[in-house]
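Encoded as structure tokens, the structure appears first; notes follow it.
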Amino acid sequence: MPTALSEFVSQAGWAYSRVSEGQSPEIASMETVDPVVRDFILFCVQRQGKEWPALYDEMCWVTGRRLFRGLGYTDLRKLGLSLSLTSIEDTIRMVDTVAAAK
């Protein structure tokens, strides 16, 4: 069943696959996700919920206004989380990993 994010990504012409329940993500695991990034994702999930693209929009909004610990785009990128659309698949995997462990 397609999600709003998969439809969005498909319309944009990007490849996309969500991590299935019980499946290990290829890129992100709880061992590789920085604790600050994990807390940022959970902060955004708490504010907006897990549905895409609303969660992605919230993550961008929070980051643009530095509402989480004063962190901006560059700070999060240095910690391993890019909100760039060119790395959306990695971001999705990381969010799925954190949300599944919640």
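Every chain in the structure tokens takes a letter, A first, then B, and so on in the order presented; its residues are numbered from 1, and the ligands are numbered from 1 following the presented order.
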
Near-range 41-56 of chain A list (12 Å; only C-alpha atoms; drop same-chain fewer than 2 positions) as a PyMOL selection string: chain A and resi 2-9+18+33-39+58-63+67-69+76+81-85+88-89+91-102

DSSP alpha helix (DSSP H) residues within range 18-97 of chain A, listed as a PyMOL selection string: chain A and resi 35-48+54-64+73-78+88-97

Put those residues in a file: C-alpha atoms, as a PDB file, in the first residue's frame.
```pdb
ATOM      1  CA  PRO A  35      21.833  10.339  20.066  1.00  0.00           C
ATOM      2  CA  VAL A  36      21.226  14.016  19.285  1.00  0.00           C
ATOM      3  CA  VAL A  37      19.789  13.091  15.865  1.00  0.00           C
ATOM      4  CA  ARG A  38      17.619  10.432  17.522  1.00  0.00           C
ATOM      5  CA  ASP A  39      16.307  13.016  19.992  1.00  0.00           C
ATOM      6  CA  PHE A  40      15.679  15.487  17.155  1.00  0.00           C
ATOM      7  CA  ILE A  41      13.648  12.931  15.207  1.00  0.00           C
ATOM      8  CA  LEU A  42      11.624  11.976  18.286  1.00  0.00           C
ATOM      9  CA  PHE A  43      11.046  15.677  19.032  1.00  0.00           C
ATOM     10  CA  CYS A  44       9.626  16.173  15.539  1.00  0.00           C
ATOM     11  CA  VAL A  45       7.545  12.966  15.711  1.00  0.00           C
ATOM     12  CA  GLN A  46       6.079  14.160  19.012  1.00  0.00           C
ATOM     13  CA  ARG A  47       5.160  17.514  17.457  1.00  0.00           C
ATOM     14  CA  GLN A  48       3.798  16.215  14.138  1.00  0.00           C
ATOM     15  CA  ALA A  54       4.135  16.208   7.148  1.00  0.00           C
ATOM     16  CA  LEU A  55       6.953  14.860   9.338  1.00  0.00           C
ATOM     17  CA  TYR A  56       9.572  15.884   6.784  1.00  0.00           C
ATOM     18  CA  ASP A  57       8.026  19.354   6.604  1.00  0.00           C
ATOM     19  CA  GLU A  58       8.106  19.577  10.407  1.00  0.00           C
ATOM     20  CA  MET A  59      11.752  18.487  10.509  1.00  0.00           C
ATOM     21  CA  CYS A  60      12.638  21.216   8.005  1.00  0.00           C
ATOM     22  CA  TRP A  61      10.540  23.799   9.853  1.00  0.00           C
ATOM     23  CA  VAL A  62      12.122  22.968  13.233  1.00  0.00           C
ATOM     24  CA  THR A  63      15.613  22.994  11.734  1.00  0.00           C
ATOM     25  CA  GLY A  64      15.105  26.233   9.822  1.00  0.00           C
ATOM     26  CA  TYR A  73      20.807  22.268   8.793  1.00  0.00           C
ATOM     27  CA  THR A  74      24.607  22.277   8.879  1.00  0.00           C
ATOM     28  CA  ASP A  75      24.686  21.098  12.500  1.00  0.00           C
ATOM     29  CA  LEU A  76      22.395  18.153  11.780  1.00  0.00           C
ATOM     30  CA  ARG A  77      24.306  17.255   8.617  1.00  0.00           C
ATOM     31  CA  LYS A  78      27.532  17.087  10.654  1.00  0.00           C
ATOM     32  CA  ILE A  88      15.837  11.585   1.269  1.00  0.00           C
ATOM     33  CA  GLU A  89      16.157   7.783   1.179  1.00  0.00           C
ATOM     34  CA  ASP A  90      18.815   7.818   3.901  1.00  0.00           C
ATOM     35  CA  THR A  91      16.714  10.245   5.938  1.00  0.00           C
ATOM     36  CA  ILE A  92      13.653   8.013   5.605  1.00  0.00           C
ATOM     37  CA  ARG A  93      15.606   4.957   6.730  1.00  0.00           C
ATOM     38  CA  MET A  94      16.972   6.832   9.724  1.00  0.00           C
ATOM     39  CA  VAL A  95      13.539   8.135  10.732  1.00  0.00           C
ATOM     40  CA  ASP A  96      12.035   4.655  10.311  1.00  0.00           C
ATOM     41  CA  THR A  97      14.780   3.178  12.486  1.00  0.00           C
TER      42      THR A  97
END
```
